[in-house]
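The structure appears below as structure tokens.
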Amino acid sequence: MTLLCTTWFHLPLLGYSLLLVPRLRLFVLLYIIYVKYFSKAHKSGTLPYRNDAFRTSFIWKTFASYFPLTLYRSALLSPRRKYIFGYHPHGIALRGAMGAFAADGVGFSSLFPGLTNTLLIKDDCFYQPFQREYLLATGASGVSRTSCIKHLTRGGHDERGMGRSIAITVGGSREYNIAKPGTMGIVIKIRKGFVRVAVETGADLVPVIAFGENELFDLIDTKSSSALGLVARVWEFVVGHRVAFSKGRFGLFCPYRKPLNVVVGKPIEVVQQRWDMDEKYVDKLHETYVQELTRLWDDWKETFGVERDVRFEIVE
């Protein structure tokens, strides 16, 4: 589990280390240049390296059983529509999103037959050697606006995106920075880009809540006198900005073994407006999305025994 949570570190490290092998140096250098400056696979919308054998392998079934991770649906989704799943909260390492919407270790394809889903994450992740191949194999892609639109307008049952879906951690780094156990802080008021993409492509909006995502890691106090606090302060000094440092089981970047329940809400139907988008309609859809997200929390929180002092809070 620790290895799966730190691929962002050890896979690029392995790739760059191969530059030290004389006989491989030229090939590795050319590969790294290609990855950093020429590769567009994460923007194409065609999933050229998606590997279903890897996505459904024992690795991800073991991953799911660790927490355990379980995926629930509130309604059937038609494979003749297209969808944008809004995943909340981001948490520290979006473990629920990786297990439920990138890999297929918890039965996404069984719960939503006929849908081809793609988890979208920040583009920077695809510019690192070996990390790129790992993410593309799970079916993940970049989260740029261009990538979103391509995924929702290409392929599918009609070659125009029907039967395609994307999953986005809407709160992004802002939710990451406030993620801590015993909280459910949601960043949604300032996020309307995903709604505009939905209107432009005609994709229905589907709210998703991961109960337990914020319980998997503890934030490290950078002001503490501990060794980890010192490391955190040095790292922030080097990179020049604040970073949400965290730790989990055994003091490592390994999540605690706590239940992780990902609940997919009911779809919000969207009427496509390709050429002349009505901002009032965007605002109305956004308001409806926030209401449905809140209702999803209220409907399911008792099912998973959420503590009463955990408040669903829209922070910005």
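Here, A, B, ... name the chains of the structure tokens in the order displayed, residue numbers run from 1 inside each chain, and ligands are numbered from 1 in the same displayed order.
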Q | Exercise: Tyr66 in chain A partners within 10 Å, only C-alpha atoms, chain neighbours under 6 positions left out, as a list in words | A | Met1, Trp60, Pro255, Tyr256, Arg257, Lys258, Pro259 and Leu260 of chain A
**Q.** Which of range 93-258 of chain A fall in strand (DSSP E or B), as an MDAnalysis selection string
**A.** chainID A and resid 116:121 141:142 155 160 164:168 184:186 204:211 218:219 246:247
Q: Any chance you could list, as number ranges by chain, the residues in range 27-110 of chain A that come up helix (DSSP H, G or I) when DSSP is run on the backbone?
A: A: 27-37, 41-43, 52-55, 58-66, 95-102, 108-110
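Here the question is which of A:Ala140, A:Val195, A:Leu219, A:Ile166 gets nearest to His42 in chain A using only C-alpha atoms, and that residue is A:Ala140.
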**Q.** For Pro48 in chain A: contacts at 9 Å, only C-alpha atoms, fewer than 6 positions along chain excluded, given as a list in words
**A.**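 Here the answer would be Ala41, His42, Leu136, Ala137 and Gly139 of chain A.
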Could you write out that same residue set with all heavy atoms as a tab-separated table (two decimals), in the first residue's frame?
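And here's selection_17.tsv as it stands now:
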```tsv
chain	number	residue	atom	x	y	z
A	41	ALA	N	-0.44	11.79	-24.88
A	41	ALA	CA	-1.40	10.71	-24.63
A	41	ALA	C	-2.42	11.07	-23.56
A	41	ALA	O	-3.58	10.64	-23.62
A	41	ALA	CB	-0.65	9.44	-24.23
A	42	HIS	N	-2.02	11.87	-22.57
A	42	HIS	CA	-2.92	12.22	-21.48
A	42	HIS	C	-3.90	13.34	-21.86
A	42	HIS	O	-4.74	13.72	-21.06
A	42	HIS	CB	-2.12	12.64	-20.25
A	42	HIS	CG	-1.27	13.87	-20.46
A	42	HIS	ND1	-0.12	13.85	-21.22
A	42	HIS	CD2	-1.41	15.14	-20.02
A	42	HIS	CE1	0.41	15.06	-21.23
A	42	HIS	NE2	-0.34	15.86	-20.52
A	136	LEU	N	-1.35	6.05	-17.07
A	136	LEU	CA	-2.05	5.77	-18.32
A	136	LEU	C	-2.60	4.35	-18.35
A	136	LEU	O	-3.66	4.08	-18.93
A	136	LEU	CB	-1.13	6.00	-19.51
A	136	LEU	CG	-0.73	7.46	-19.79
A	136	LEU	CD1	0.28	7.53	-20.94
A	136	LEU	CD2	-1.97	8.31	-20.11
A	137	ALA	N	-1.89	3.41	-17.73
A	137	ALA	CA	-2.35	2.02	-17.69
A	137	ALA	C	-3.63	1.89	-16.87
A	137	ALA	O	-4.49	1.05	-17.17
A	137	ALA	CB	-1.27	1.12	-17.11
A	139	GLY	N	-5.87	4.07	-16.88
A	139	GLY	CA	-6.90	4.77	-17.63
A	139	GLY	C	-7.03	6.22	-17.24
A	139	GLY	O	-7.94	6.91	-17.70
```
**Q.** Who sits within 8 Å of Phe211 in chain A, only C-alpha atoms, same chain under 6 positions skipped, as a ChimeraX atom specification
**A.** /A:260-263,301,304
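The spacing separating CA of Thr294 in chain A from CA of Arg311 in chain A amounts to 11.0 Å.
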**Q.** Long-range neighbours of Ile33 in chain A as a PyMOL selection string, 12 Å cut-off, only C-alpha atoms, 3 positions minimum in chain
**A.** chain A and resi 15-16+26-30+36-39+127-129
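Across the model, the gap from CA of Ile59 in chain A to CA of His151 in chain A is 26.3 Å.
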**Q.** Pick from A:Asn214, A:Thr6, A:Thr183, A:Ser225, whichever lies nearest to Glu313 in chain A using only C-alpha atoms
**A.** A:Thr183
Q: Between A:Phe217, A:Tyr31, A:Phe85, A:Phe130, single out the one closest to Leu14 in chain A, counting only C-alpha atoms.
A: A:Phe130
Need the shell around Ile268 in chain A: protein/DNA/RNA residues with any atom at most 10 Å away, counting only C-alpha atoms. Skip same-chain ones fewer than 6 positions apart. Format as a PDB file with C-alpha atoms, in the first residue's frame?
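Result saved to out-v1.pdb:
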```
ATOM      1  CA  TYR A  83     -21.335  11.991 -17.333  1.00  0.00           C
ATOM      2  CA  ILE A  84     -19.034  14.080 -15.151  1.00  0.00           C
ATOM      3  CA  ALA A 203     -22.708  15.621 -19.976  1.00  0.00           C
ATOM      4  CA  ASP A 204     -24.898  15.020 -16.932  1.00  0.00           C
ATOM      5  CA  LEU A 205     -23.425  15.963 -13.538  1.00  0.00           C
ATOM      6  CA  VAL A 206     -23.120  13.277 -10.861  1.00  0.00           C
ATOM      7  CA  PRO A 207     -22.075  14.195  -7.282  1.00  0.00           C
ATOM      8  CA  LEU A 285     -26.896  23.889 -12.472  1.00  0.00           C
ATOM      9  CA  THR A 288     -28.547  22.254  -8.023  1.00  0.00           C
ATOM     10  CA  TYR A 289     -25.254  20.334  -7.839  1.00  0.00           C
ATOM     11  CA  GLU A 292     -27.656  17.310  -4.461  1.00  0.00           C
TER      12      GLU A 292
END
```
Q. Looking at only C-alpha atoms, which of A:Met162, A:Ile178, A:Leu120, A:Cys125 is the one that sits closest to Phe245 in chain A?
A. A:Ile178
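Relative to CA of Leu3 in chain A, CA of Ser110 in chain A is found at 27.5 Å.
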**Q.** Shortest interatomic distance to Leu94 in chain A - which of A:Ile121, A:Ile314, A:Val290, A:Val271, counting only C-alpha atoms
**A.**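 Using only C-alpha atoms, Leu94 in chain A sits closest to A:Ile121.
The closest residue to Phe54 in chain A, picked from A:Gly142, A:Pro12, A:Gly91, A:Gly105 and counting only C-alpha atoms, is A:Gly105.
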Q: For Asn177 in chain A, list every protein, DNA or RNA residue within 12 Å, evaluated using only C-alpha atoms, and leave out those in the same chain fewer than 2 positions away; present the list as a PyMOL selection string.
A: chain A and resi 89-93+171-175+179-180+185-187+214+218-220+242-246+315
